[in-house]
>>> print(open('run-v4.cif').read())   # mmCIF, C-alpha atoms and all ligand atoms
data_final
#
loop_
_atom_site.label_atom_id
_atom_site.label_comp_id
_atom_site.auth_asym_id
_atom_site.auth_seq_id
_atom_site.Cartn_x
_atom_site.Cartn_y
_atom_site.Cartn_z
CA MET A 1 14.14 -6.92 -13.25
CA GLU A 2 13.16 -10.20 -14.91
CA TYR A 3 11.74 -9.83 -18.40
CA GLN A 4 11.20 -11.51 -21.76
CA GLU A 5 12.44 -9.76 -24.84
CA TYR A 6 11.46 -9.99 -28.51
CA GLY A 7 12.79 -8.24 -31.63
CA ALA A 8 15.81 -6.92 -29.74
CA GLY A 9 17.45 -5.36 -32.81
CA ASN A 10 14.59 -2.96 -33.55
CA PRO A 11 15.05 0.69 -32.62
CA GLU A 12 11.65 1.48 -31.03
CA THR A 13 10.63 -0.25 -27.80
CA ILE A 14 7.19 -1.33 -26.64
CA LEU A 15 6.88 -2.37 -22.99
CA LEU A 16 3.81 -4.39 -21.92
CA LEU A 17 2.94 -4.81 -18.22
CA HIS A 18 0.90 -7.87 -17.31
CA GLY A 19 -2.12 -8.08 -15.03
CA GLY A 20 -1.86 -8.98 -11.33
CA GLY A 21 -1.53 -12.75 -10.82
CA LEU A 22 -0.56 -13.30 -14.47
CA SER A 23 2.92 -12.91 -15.93
CA TRP A 24 4.78 -11.88 -19.08
CA TRP A 25 2.87 -14.49 -21.14
CA ASN A 26 -0.20 -12.21 -20.82
CA TYR A 27 1.34 -10.49 -23.89
CA ARG A 28 3.28 -13.36 -25.50
CA ALA A 29 0.97 -13.49 -28.57
CA GLU A 30 1.21 -9.71 -29.03
CA ALA A 31 5.01 -9.83 -28.74
CA GLU A 32 5.15 -12.53 -31.42
CA LEU A 33 3.06 -10.34 -33.72
CA LEU A 34 5.12 -7.20 -33.06
CA ARG A 35 8.65 -8.61 -32.94
CA ASP A 36 9.43 -8.01 -36.64
CA ARG A 37 8.99 -4.28 -36.30
CA TYR A 38 9.49 -3.43 -32.63
CA HIS A 39 11.65 -4.29 -29.70
CA VAL A 40 9.13 -5.72 -27.26
CA VAL A 41 9.90 -6.06 -23.54
CA LEU A 42 7.62 -8.07 -21.25
CA PRO A 43 8.70 -7.50 -17.62
CA VAL A 44 7.61 -9.69 -14.73
CA LEU A 45 6.11 -7.33 -12.15
CA ASP A 46 7.41 -7.33 -8.57
CA GLY A 47 5.99 -10.08 -6.36
CA HIS A 48 5.22 -12.37 -9.31
CA ALA A 49 6.86 -15.74 -9.94
CA GLY A 50 10.46 -15.27 -11.03
CA SER A 51 10.55 -11.50 -10.54
CA GLY A 52 13.17 -11.83 -7.82
CA ARG A 53 11.67 -8.89 -5.91
CA PRO A 54 8.85 -8.77 -3.36
CA PHE A 55 5.84 -6.59 -4.12
CA THR A 56 5.76 -3.49 -1.94
CA THR A 57 3.67 -0.75 -3.57
CA VAL A 58 2.44 0.27 -7.02
CA GLU A 59 4.64 3.36 -6.61
CA ASP A 60 7.81 1.28 -5.94
CA CYS A 61 7.02 -1.05 -8.79
CA ALA A 62 6.64 1.95 -11.16
CA ALA A 63 9.84 3.57 -9.88
CA GLY A 64 11.74 0.30 -10.41
CA LEU A 65 10.57 0.10 -14.03
CA ILE A 66 11.48 3.75 -14.68
CA ALA A 67 14.97 3.11 -13.25
CA TRP A 68 15.30 0.11 -15.57
CA ILE A 69 14.20 2.18 -18.59
CA ASP A 70 16.74 4.84 -17.61
CA GLU A 71 19.50 2.29 -17.43
CA HIS A 72 18.69 0.24 -20.53
CA LEU A 73 16.54 2.33 -22.87
CA GLY A 74 17.66 5.93 -22.54
CA GLY A 75 14.87 7.09 -20.21
CA SER A 76 11.92 6.79 -22.58
CA VAL A 77 10.22 4.27 -24.87
CA LEU A 78 7.75 4.43 -27.75
CA LEU A 79 4.73 2.82 -26.07
CA ILE A 80 3.82 1.21 -22.76
CA GLY A 81 0.74 -0.93 -22.35
CA GLY A 82 -0.58 -2.38 -19.12
CA LEU A 83 -3.51 -4.49 -17.96
CA SER A 84 -5.26 -4.05 -14.61
CA LEU A 85 -2.41 -3.99 -12.01
CA GLY A 86 -0.04 -3.43 -14.97
CA GLY A 87 -2.31 -0.57 -16.11
CA GLN A 88 -2.11 0.99 -12.65
CA VAL A 89 1.68 0.67 -12.68
CA LEU A 90 1.66 2.36 -16.09
CA LEU A 91 -0.48 5.29 -14.86
CA GLU A 92 1.81 5.58 -11.86
CA MET A 93 4.87 5.64 -14.14
CA LEU A 94 3.27 8.47 -16.13
CA SER A 95 2.55 10.31 -12.86
CA GLN A 96 6.18 9.97 -11.77
CA ARG A 97 7.71 10.61 -15.19
CA GLY A 98 5.29 12.22 -17.67
CA ASP A 99 7.41 11.44 -20.73
CA VAL A 100 8.49 7.89 -19.90
CA CYS A 101 6.74 6.90 -23.14
CA ARG A 102 5.19 8.68 -26.12
CA TYR A 103 2.09 6.47 -26.22
CA ALA A 104 0.35 4.70 -23.38
CA LEU A 105 -2.37 2.06 -23.51
CA ALA A 106 -3.96 1.45 -20.11
CA GLU A 107 -6.44 -1.41 -20.05
CA SER A 108 -8.89 -1.77 -17.15
CA ALA A 109 -6.80 0.24 -14.69
CA ALA A 110 -8.78 1.13 -11.54
CA VAL A 111 -7.99 4.50 -9.98
CA LEU A 112 -10.93 4.69 -7.57
CA PRO A 113 -9.99 2.87 -4.36
CA SER A 114 -12.22 0.07 -3.16
CA ARG A 115 -12.02 -0.03 0.64
CA ILE A 116 -14.28 -3.05 1.00
CA THR A 117 -12.28 -5.20 -1.41
CA GLY A 118 -9.08 -4.00 0.26
CA ALA A 119 -10.31 -4.98 3.71
CA LEU A 120 -11.50 -8.42 2.58
CA ILE A 121 -8.34 -9.47 0.77
CA GLY A 122 -6.27 -10.42 3.85
CA PRO A 123 -8.91 -12.60 5.55
CA ALA A 124 -10.13 -14.15 2.27
CA PHE A 125 -6.63 -15.19 1.26
CA GLY A 126 -5.83 -16.51 4.72
CA CYS A 127 -8.42 -19.23 4.03
CA SER A 128 -8.12 -19.90 0.31
CA TYR A 129 -4.47 -19.34 -0.62
CA GLY A 130 -3.66 -23.06 -0.25
CA LEU A 131 -6.35 -23.90 -2.80
CA ILE A 132 -4.48 -22.04 -5.53
CA ARG A 133 -2.04 -24.95 -5.71
CA ASP A 134 -4.92 -27.35 -6.20
CA ARG A 135 -4.98 -27.96 -9.95
CA SER A 136 -8.74 -28.36 -10.34
CA PHE A 137 -9.45 -25.28 -8.23
CA SER A 138 -6.89 -23.39 -10.27
CA LYS A 139 -8.62 -24.54 -13.47
CA LEU A 140 -11.98 -23.30 -12.20
CA GLN A 141 -10.48 -19.93 -11.38
CA PHE A 142 -8.69 -19.84 -14.73
CA ARG A 143 -11.95 -20.49 -16.60
CA SER A 144 -13.75 -17.78 -14.64
CA LEU A 145 -11.12 -15.39 -16.02
CA ARG A 146 -12.11 -16.48 -19.56
CA MET A 147 -8.54 -16.99 -20.65
CA PRO A 148 -7.65 -19.16 -23.66
CA GLU A 149 -7.05 -22.82 -22.66
CA HIS A 150 -3.50 -22.87 -23.98
CA LEU A 151 -2.42 -20.44 -21.25
CA PHE A 152 -3.46 -22.74 -18.40
CA GLU A 153 -0.07 -24.38 -17.79
CA ASP A 154 1.61 -20.96 -17.64
CA TYR A 155 -1.11 -19.69 -15.33
CA TYR A 156 -0.98 -22.69 -13.00
CA ARG A 157 2.82 -22.71 -12.80
CA ASP A 158 3.09 -18.97 -12.13
CA THR A 159 0.21 -18.60 -9.67
CA CYS A 160 1.76 -21.46 -7.67
CA GLY A 161 5.00 -19.46 -7.70
CA ILE A 162 3.51 -16.34 -6.09
CA ALA A 163 4.15 -16.09 -2.35
CA LYS A 164 1.05 -15.54 -0.20
CA ARG A 165 2.56 -12.32 1.21
CA ASP A 166 3.13 -10.96 -2.31
CA MET A 167 -0.31 -11.91 -3.52
CA ILE A 168 -1.98 -10.15 -0.60
CA ALA A 169 0.31 -7.15 -1.05
CA PHE A 170 -0.42 -6.57 -4.71
CA LEU A 171 -4.14 -7.28 -4.43
CA LYS A 172 -4.39 -4.79 -1.55
CA ALA A 173 -2.28 -2.20 -3.36
CA SER A 174 -4.39 -2.59 -6.48
CA ALA A 175 -7.65 -2.17 -4.50
CA ALA A 176 -6.27 0.96 -2.83
CA TYR A 177 -4.67 2.66 -5.84
CA SER A 178 -5.97 6.13 -6.64
CA LEU A 179 -5.41 8.70 -9.36
CA LYS A 180 -2.43 11.02 -8.82
CA PRO A 181 -2.87 14.72 -9.72
CA ALA A 182 0.52 14.62 -11.50
CA LEU A 183 -0.94 12.26 -14.12
CA SER A 184 -2.71 15.21 -15.74
CA ARG A 185 0.70 16.61 -16.73
CA THR A 186 1.81 13.60 -18.74
CA GLU A 187 3.03 14.33 -22.24
CA ALA A 188 2.18 10.83 -23.44
CA SER A 189 -0.76 10.23 -25.74
CA LEU A 190 -2.91 8.23 -23.30
CA HIS A 191 -5.44 5.67 -24.55
CA LEU A 192 -7.78 4.02 -22.05
CA PHE A 193 -9.57 0.74 -22.67
CA ALA A 194 -12.05 -1.44 -20.80
CA GLY A 195 -14.54 -4.15 -21.65
CA GLY A 196 -18.23 -3.30 -21.71
CA LYS A 197 -18.92 -6.12 -19.24
CA GLU A 198 -16.53 -4.84 -16.57
CA ASN A 199 -17.60 -3.67 -13.15
CA ARG A 200 -18.59 -0.10 -12.41
CA ARG A 201 -15.37 0.70 -10.58
CA ILE A 202 -13.34 0.04 -13.72
CA LEU A 203 -15.72 1.89 -16.02
CA ARG A 204 -15.91 4.88 -13.67
CA SER A 205 -12.12 4.86 -13.35
CA LEU A 206 -11.88 5.23 -17.12
CA ASP A 207 -14.03 8.36 -16.95
CA ALA A 208 -12.01 9.71 -14.01
CA VAL A 209 -8.71 9.36 -15.88
CA ARG A 210 -10.31 10.65 -19.07
CA ALA A 211 -11.49 13.79 -17.26
CA ALA A 212 -8.13 14.29 -15.49
CA VAL A 213 -5.84 13.94 -18.50
CA PRO A 214 -6.42 16.46 -21.30
CA GLY A 215 -6.42 14.83 -24.73
CA SER A 216 -6.69 11.27 -23.39
CA ARG A 217 -9.01 8.90 -25.25
CA LYS A 218 -11.26 6.19 -23.90
CA THR A 219 -12.71 3.16 -25.63
CA VAL A 220 -15.17 0.70 -24.10
CA LEU A 221 -15.08 -2.59 -26.01
CA PRO A 222 -18.60 -4.01 -26.21
CA GLY A 223 -19.12 -7.50 -24.83
CA LEU A 224 -15.62 -7.95 -23.37
CA SER A 225 -14.88 -8.91 -19.76
CA HIS A 226 -11.92 -7.92 -17.58
CA GLY A 227 -8.61 -8.61 -19.32
CA GLU A 228 -10.16 -10.21 -22.40
CA PHE A 229 -8.78 -7.58 -24.77
CA SER A 230 -5.07 -8.22 -24.31
CA VAL A 231 -5.28 -11.83 -23.08
CA SER A 232 -7.74 -13.25 -25.61
CA ARG A 233 -7.70 -10.83 -28.56
CA PRO A 234 -4.01 -10.33 -29.36
CA GLU A 235 -4.67 -9.54 -33.04
CA ASP A 236 -7.16 -6.80 -32.11
CA TYR A 237 -4.77 -5.51 -29.46
CA VAL A 238 -1.88 -5.27 -31.95
CA ARG A 239 -4.14 -3.62 -34.55
CA THR A 240 -5.09 -1.06 -31.90
CA ILE A 241 -1.43 -0.37 -31.15
CA GLU A 242 -0.80 0.11 -34.86
CA ASP A 243 -3.79 2.47 -35.20
CA ILE A 244 -2.56 4.49 -32.22
CA LEU A 245 0.93 4.75 -33.69
CA LYS A 246 -0.48 5.70 -37.11
CA GLU A 247 -2.19 8.66 -35.47
CA GLN A 248 1.30 9.99 -34.78
CA GLY A 249 1.23 11.99 -38.01
CA LYS A 250 -2.46 12.84 -37.89
CA GLU A 251 -2.32 14.29 -34.39
CA LYS A 252 0.06 16.96 -35.50
CA ARG A 253 -2.51 18.14 -38.07
CA LYS A 254 -4.88 19.92 -35.76
CA MET A 255 -8.42 18.67 -36.14
CA GLY A 256 -11.48 20.84 -36.00
CA LYS A 257 -14.05 21.49 -33.31
CA LEU A 258 -17.80 21.57 -33.70
CA VAL A 259 -20.40 23.14 -31.43
CA ALA A 260 -23.67 21.28 -32.02
CA TYR A 261 -26.65 22.54 -30.07
CA PHE A 262 -30.35 22.07 -29.55
CA SER A 263 -32.23 25.12 -28.34
CA ALA A 264 -36.01 25.39 -28.03
CA SER A 265 -36.27 29.05 -27.09
CA GLY A 266 -32.91 30.58 -28.00
CA VAL A 267 -31.02 30.66 -24.68
CA THR A 268 -28.74 27.72 -25.46
CA GLU A 269 -28.31 28.97 -29.01
CA ALA A 270 -26.85 32.27 -27.76
CA LYS A 271 -24.41 30.37 -25.49
CA ALA A 272 -23.49 28.00 -28.32
CA LYS A 273 -22.55 30.98 -30.50
CA GLU A 274 -20.42 32.49 -27.72
CA LEU A 275 -18.71 29.15 -27.15
CA ALA A 276 -18.01 28.55 -30.86
CA GLU A 277 -16.46 32.01 -31.02
CA ALA A 278 -14.37 31.42 -27.88
CA VAL A 279 -12.95 28.03 -28.97
CA GLY A 280 -12.82 28.65 -32.73
CA ALA A 281 -15.37 25.95 -33.56
CA ASP A 282 -17.90 25.47 -36.35
CA LEU A 283 -21.53 25.79 -35.32
CA TRP A 284 -24.39 23.46 -36.15
CA GLU A 285 -27.96 23.36 -34.90
CA ILE A 286 -29.48 20.05 -33.87
CA ALA A 287 -32.85 21.03 -35.26
CA PRO A 288 -35.93 18.88 -34.64
CA ALA A 289 -37.85 17.71 -37.75
CA VAL A 290 -40.94 19.15 -36.05
CA PRO A 291 -40.14 22.38 -34.19
CA TYR A 292 -41.35 22.73 -30.60
CA THR A 293 -44.27 25.13 -30.14
CA LYS A 294 -44.86 27.10 -26.96
CA ALA A 295 -47.55 24.59 -25.97
CA ASP A 296 -45.09 21.72 -26.59
CA LEU A 297 -42.73 23.25 -24.04
CA ASN A 298 -45.27 23.66 -21.25
CA TRP A 299 -43.84 21.57 -18.40
CA MET A 300 -46.87 22.31 -16.24
CA ASP A 301 -48.96 20.28 -18.67
CA PRO A 302 -48.31 16.57 -18.12
CA LYS A 303 -49.66 15.89 -21.63
CA SER A 304 -47.53 18.44 -23.50
CA ARG A 305 -45.10 17.09 -26.10
CA SER A 306 -42.03 17.79 -23.94
CA SER A 307 -43.63 16.17 -20.85
CA MET A 308 -44.60 13.08 -22.82
CA GLU A 309 -41.17 12.77 -24.43
CA MET A 310 -39.31 13.16 -21.16
CA LYS A 311 -41.47 10.52 -19.47
CA ASP A 312 -40.71 8.01 -22.23
CA LYS A 313 -37.13 6.68 -22.10
CA ALA A 314 -37.51 5.33 -25.64
CA SER A 315 -38.58 8.68 -27.11
CA ARG A 316 -36.29 9.77 -29.95
CA PRO A 317 -37.67 12.94 -31.59
CA ALA A 318 -36.66 13.02 -35.27
CA LEU A 319 -33.94 15.35 -36.50
CA ALA A 320 -34.47 17.79 -39.37
CA GLU A 321 -31.10 16.77 -40.79
CA THR A 322 -29.59 13.32 -40.46
CA GLU A 323 -26.69 13.70 -42.88
CA HIS A 324 -23.87 15.88 -41.63
CA ASP A 325 -20.19 15.17 -42.14
CA LEU A 326 -18.50 15.09 -38.74
CA GLY A 327 -15.28 13.58 -40.17
CA ALA A 328 -13.24 16.76 -39.79
CA TYR A 329 -13.92 17.17 -36.06
CA ASP A 330 -12.17 15.53 -33.15
CA THR A 331 -14.03 17.46 -30.46
CA VAL A 332 -17.79 17.94 -30.54
CA TYR A 333 -19.40 20.23 -27.98
CA VAL A 334 -23.02 19.20 -27.52
CA GLY A 335 -25.34 21.79 -26.01
CA PHE A 336 -28.95 21.65 -24.84
CA PRO A 337 -31.41 23.15 -22.34
CA ILE A 338 -31.91 21.10 -19.17
CA TRP A 339 -35.33 19.51 -19.29
CA TRP A 340 -36.59 17.70 -16.22
CA TYR A 341 -33.07 17.80 -14.69
CA THR A 342 -31.45 16.04 -17.66
CA ALA A 343 -30.87 16.27 -21.43
CA PRO A 344 -33.86 16.42 -23.80
CA THR A 345 -34.37 13.12 -25.62
CA ILE A 346 -33.51 14.73 -28.98
CA ILE A 347 -29.93 14.63 -27.69
CA ASN A 348 -30.25 10.83 -27.57
CA THR A 349 -31.41 10.93 -31.19
CA PHE A 350 -28.39 13.04 -32.09
CA LEU A 351 -25.90 10.78 -30.27
CA GLU A 352 -27.42 7.68 -31.85
CA THR A 353 -27.61 9.09 -35.40
CA PHE A 354 -24.00 10.14 -35.92
CA ASP A 355 -20.73 8.26 -35.56
CA PHE A 356 -18.63 9.64 -32.70
CA THR A 357 -15.86 7.02 -32.83
CA GLY A 358 -12.55 8.64 -31.90
CA LYS A 359 -14.24 11.93 -31.04
CA ARG A 360 -14.25 13.68 -27.73
CA ILE A 361 -17.67 14.90 -26.62
CA VAL A 362 -18.01 17.85 -24.27
CA LEU A 363 -21.49 18.67 -22.98
CA PHE A 364 -22.84 22.09 -22.11
CA ALA A 365 -26.28 23.30 -21.12
CA THR A 366 -28.40 26.18 -19.96
CA SER A 367 -31.14 25.85 -17.36
CA GLY A 368 -33.46 27.67 -15.01
CA GLY A 369 -31.14 26.69 -12.14
CA SER A 370 -30.59 22.91 -12.26
CA GLY A 371 -27.05 21.63 -12.76
CA ILE A 372 -25.71 19.55 -15.67
CA ASP A 373 -24.24 16.71 -13.61
CA ARG A 374 -27.26 14.47 -13.90
CA ALA A 375 -27.36 14.91 -17.67
CA VAL A 376 -23.66 13.96 -17.87
CA ARG A 377 -24.26 10.92 -15.67
CA ASP A 378 -27.35 9.81 -17.63
CA LEU A 379 -25.66 10.12 -21.02
CA ARG A 380 -22.46 8.38 -19.88
CA LYS A 381 -24.52 5.54 -18.50
CA ARG A 382 -26.65 5.24 -21.63
CA TYR A 383 -23.64 5.47 -23.98
CA PRO A 384 -20.62 3.94 -22.21
CA GLU A 385 -18.88 3.57 -25.60
CA LEU A 386 -18.83 7.34 -26.15
CA ASP A 387 -15.96 9.47 -24.96
CA ILE A 388 -17.88 12.05 -22.91
CA ALA A 389 -15.20 14.19 -21.30
CA GLY A 390 -17.55 16.13 -19.01
CA GLY A 391 -20.11 18.89 -19.00
CA LYS A 392 -20.51 22.49 -17.97
CA LEU A 393 -23.53 24.63 -17.26
CA LEU A 394 -23.18 27.86 -19.22
CA ASN A 395 -25.74 30.00 -17.45
CA GLY A 396 -23.06 32.62 -16.80
CA LYS A 397 -20.29 33.94 -18.97
CA VAL A 398 -18.70 31.60 -21.51
CA ALA A 399 -14.97 31.44 -20.98
CA GLY A 400 -12.74 29.56 -23.41
CA ASP A 401 -12.26 25.81 -23.61
CA LEU A 402 -14.49 23.81 -21.28
CA PHE A 403 -12.39 20.63 -20.84
C1 LIG B 501 -39.88 21.17 -20.84
C2 LIG B 501 -38.90 21.96 -20.04
C3 LIG B 501 -38.35 21.43 -18.90
C4 LIG B 501 -37.42 22.17 -18.14
N1 LIG B 501 -36.86 21.60 -17.04
C5 LIG B 501 -35.95 22.30 -16.33
C6 LIG B 501 -35.33 21.72 -15.18
O1 LIG B 501 -35.55 20.58 -14.82
N2 LIG B 501 -34.43 22.48 -14.49
C7 LIG B 501 -34.15 23.78 -14.86
O2 LIG B 501 -33.33 24.40 -14.20
N3 LIG B 501 -34.71 24.33 -15.94
C8 LIG B 501 -35.60 23.64 -16.69
N4 LIG B 501 -36.15 24.20 -17.79
C9 LIG B 501 -35.73 25.54 -18.19
C10 LIG B 501 -34.72 25.50 -19.32
O3 LIG B 501 -33.66 24.62 -19.05
C11 LIG B 501 -34.07 26.88 -19.54
O4 LIG B 501 -35.05 27.85 -19.70
C12 LIG B 501 -33.13 26.88 -20.76
O5 LIG B 501 -32.21 27.93 -20.62
C13 LIG B 501 -33.86 27.02 -22.08
O6 LIG B 501 -32.96 26.94 -23.13
P1 LIG B 501 -33.37 27.11 -24.66
O7 LIG B 501 -33.89 28.52 -24.82
O8 LIG B 501 -32.11 26.93 -25.41
O9 LIG B 501 -34.41 26.10 -24.98
C14 LIG B 501 -37.06 23.49 -18.54
C15 LIG B 501 -37.65 24.03 -19.71
C16 LIG B 501 -38.54 23.28 -20.45
C17 LIG B 501 -39.13 23.86 -21.70
#
>>> encode(input="run-v4.cif", output="structure tokens")
Amino acid sequence: MEYQEYGAGNPETILLLHGGGLSWWNYRAEAELLRDRYHVVLPVLDGHAGSGRPFTTVEDCAAGLIAWIDEHLGGSVLLIGGLSLGGQVLLEMLSQRGDVCRYALAESAAVLPSRITGALIGPAFGCSYGLIRDRSFSKLQFRSLRMPEHLFEDYYRDTCGIAKRDMIAFLKASAAYSLKPALSRTEASLHLFAGGKENRRILRSLDAVRAAVPGSRKTVLPGLSHGEFSVSRPEDYVRTIEDILKEQGKEKRKMGKLVAYFSASGVTEAKAKELAEAVGADLWEIAPAVPYTKADLNWMDPKSRSSMEMKDKASRPALAETEHDLGAYDTVYVGFPIWWYTAPTIINTFLETFDFTGKRIVLFATSGGSGIDRAVRDLRKRYPELDIAGGKLLNGKVAGDLF
């Protein structure tokens, strides 16, 4: 394997896997910042200029890296980060070897296959591959990726060095990659990142991995496009690595759980109490400043308070209590009755009033028969920055931890 190495004398190793079409210099600035304290290894992925190996599959690429870690680093490292294709290779490494690292930082790694993109790659590259060597075309493409200007020479040199066969192979493999069930068994502390401006496939992939891997964390970085985090914000990226590693001690101290619920007529409240008992959580009512009367809850009346609120996307019914210390909780269960197939708008007020950074949110609901899926979808869409692990309808018996 070809790689660049920094801080070789340091005992703990951080491995950073570049995005498809880029190379080790994707993480050069990070490596410079980390080299005093860590041994940083920046491999060149298979099929990329200077790697010395053709690209075959994401699985082979991951297996090759694991074999290299076995041979040179005793089978496991402190942290592995990866962007896009590199992020997929990282998730695949964790699927093949759950303890290949203690911490993992996967940025913009798609795990939901895109058949259309996959099918278009071959024909599209047949026509345009030659253009890559054209400097002005390359510059246009480089700018569309929003990379810092000083990386252009590296980018131009290394994209020119990628064989057409390899480029098609890794683009196709990346479009086809899907989540492996074995990933859920990883022992690594998995942190998922994406930019708020990324496409739906990437953002939905984050949720899919988040739901599949217990204890994983997701962060959507507002305003950032694909790859911008590691390529253009090395200081932020390194600070994030340091924050993740600082959690090392904190994680061992088990944090608390809170069941927060809104209930207009008592059904959800009863389930919230059962759930808090089952998972050993504190209980807190999301009480409206103005309680709902029976007339307010009449869904047959299009002018009732609940009907009016649910018709108005901007409705944010006031809370009775807006100061509540959530600092001690790392998981917050949020419960509500289903209203008009989704969550009542007071839940929006709740989610917008308190700070849920670093917290895992698990939704639960009661209903007259409707499911919770639409509520989960609506809230994830409205609050992509929140870590909403999933939701469960608790019309039946409450049994233990939900997610
Ligand atoms: C305004 C309103 C709208 C409702 N909409 C739905 C619905 O779309 N689907 C459903 O299955 N139940 C619906 N229900 C029934 C409630 O979800 C159900 O009775 C729930 O268990 C009540 O919980 P609570 O006692 O905690 O308020 C609605 C109830 C109200 C008051």
>>> closest_residue(input="run-v4.cif", among="A:Ala8, A:Ala389, A:Leu145, A:Asp46", to="Arg210 in chain A", atoms="only C-alpha atoms")
A:Ala389
>>> residues_near_ligand(input="run-v4.cif", ligand="ligand LIG 501 (chain B)", cutoff="6 Å", atoms="only C-alpha atoms and all ligand atoms", output="list in words")
Ser263, Ala264, Ser265, Gly266, Val267, Thr268, Glu269, Leu297, Asn298, Trp299, Ser306, Pro337, Ile338, Trp339, Trp340, Tyr341, Thr366, Ser367, Gly368, Gly369 and Ser370 of chain A
>>> closest_residue(input="run-v4.cif", among="A:Phe229, A:Trp284, A:Tyr261, A:Trp25", to="Lys197 in chain A", atoms="only C-alpha atoms")
A:Phe229
>>> atom_distance(input="run-v4.cif", atom1="CA of His39 in chain A", atom2="CA of Leu15 in chain A")
8.5 Å
>>> closest_residue(input="run-v4.cif", among="A:Asn199, A:Ser205, A:Ser23, A:Ser225", to="Cys160 in chain A", atoms="all atoms listed in the file")
A:Ser23
>>> closest_residue(input="run-v4.cif", among="A:Ala173, A:Gly47, A:Lys294, A:Gly21", to="Arg157 in chain A", atoms="only C-alpha atoms")
A:Gly21
>>> residues_near_point(input="run-v4.cif", point="(3.8, -4.0, -20.6)", cutoff="10 Å", atoms="all atoms listed in the file", output="ChimeraX atom specification")
/A:14-19,24,26-27,40-45,79-83,86-87,89-90,104-106
>>> closest_residue(input="run-v4.cif", among="A:Ile372, A:Ile162, A:Leu94, A:Leu179", to="Ala343 in chain A", atoms="only C-alpha atoms")
A:Ile372
>>> closest_residue(input="run-v4.cif", among="A:Met167, A:Cys61, A:Gly358, A:Ala29", to="Leu192 in chain A", atoms="only C-alpha atoms")
A:Gly358
>>> atom_distance(input="run-v4.cif", atom1="CA of Asp99 in chain A", atom2="CA of Ala188 in chain A")
5.9 Å
>>> residues_around(input="run-v4.cif", residues="Glu352 in chain A", least_positions_apart="2", cutoff="12 Å", atoms="only C-alpha atoms", output="JSON, numbers by chain")
{"A": [316, 317, 318, 319, 322, 345, 346, 347, 348, 349, 350, 354, 355, 356, 357, 379, 382, 383, 385, 386]}
>>> residues_around(input="run-v4.cif", residues="Arg374 in chain A", least_positions_apart="3", cutoff="7 Å", atoms="only C-alpha atoms", output="ChimeraX atom specification")
/A:341-342,377-378
>>> residues_near_point(input="run-v4.cif", point="(-18.5, -3.8, -27.1)", cutoff="9 Å", atoms="all atoms listed in the file", output="mmCIF file with C-alpha atoms, keeping the file's coordinate frame")
data_model
loop_
_atom_site.group_PDB
_atom_site.id
_atom_site.type_symbol
_atom_site.label_atom_id
_atom_site.label_comp_id
_atom_site.auth_asym_id
_atom_site.auth_seq_id
_atom_site.Cartn_x
_atom_site.Cartn_y
_atom_site.Cartn_z
ATOM 1 C CA GLY A 195 -14.540 -4.150 -21.650
ATOM 2 C CA GLY A 196 -18.230 -3.300 -21.710
ATOM 3 C CA LYS A 197 -18.920 -6.120 -19.240
ATOM 4 C CA VAL A 220 -15.170 0.700 -24.100
ATOM 5 C CA LEU A 221 -15.080 -2.590 -26.010
ATOM 6 C CA PRO A 222 -18.600 -4.010 -26.210
ATOM 7 C CA GLY A 223 -19.120 -7.500 -24.830
ATOM 8 C CA LEU A 224 -15.620 -7.950 -23.370
ATOM 9 C CA GLU A 385 -18.880 3.570 -25.600
#
>>> atom_distance(input="run-v4.cif", atom1="CA of Arg239 in chain A", atom2="CA of Thr13 in chain A")
16.6 Å
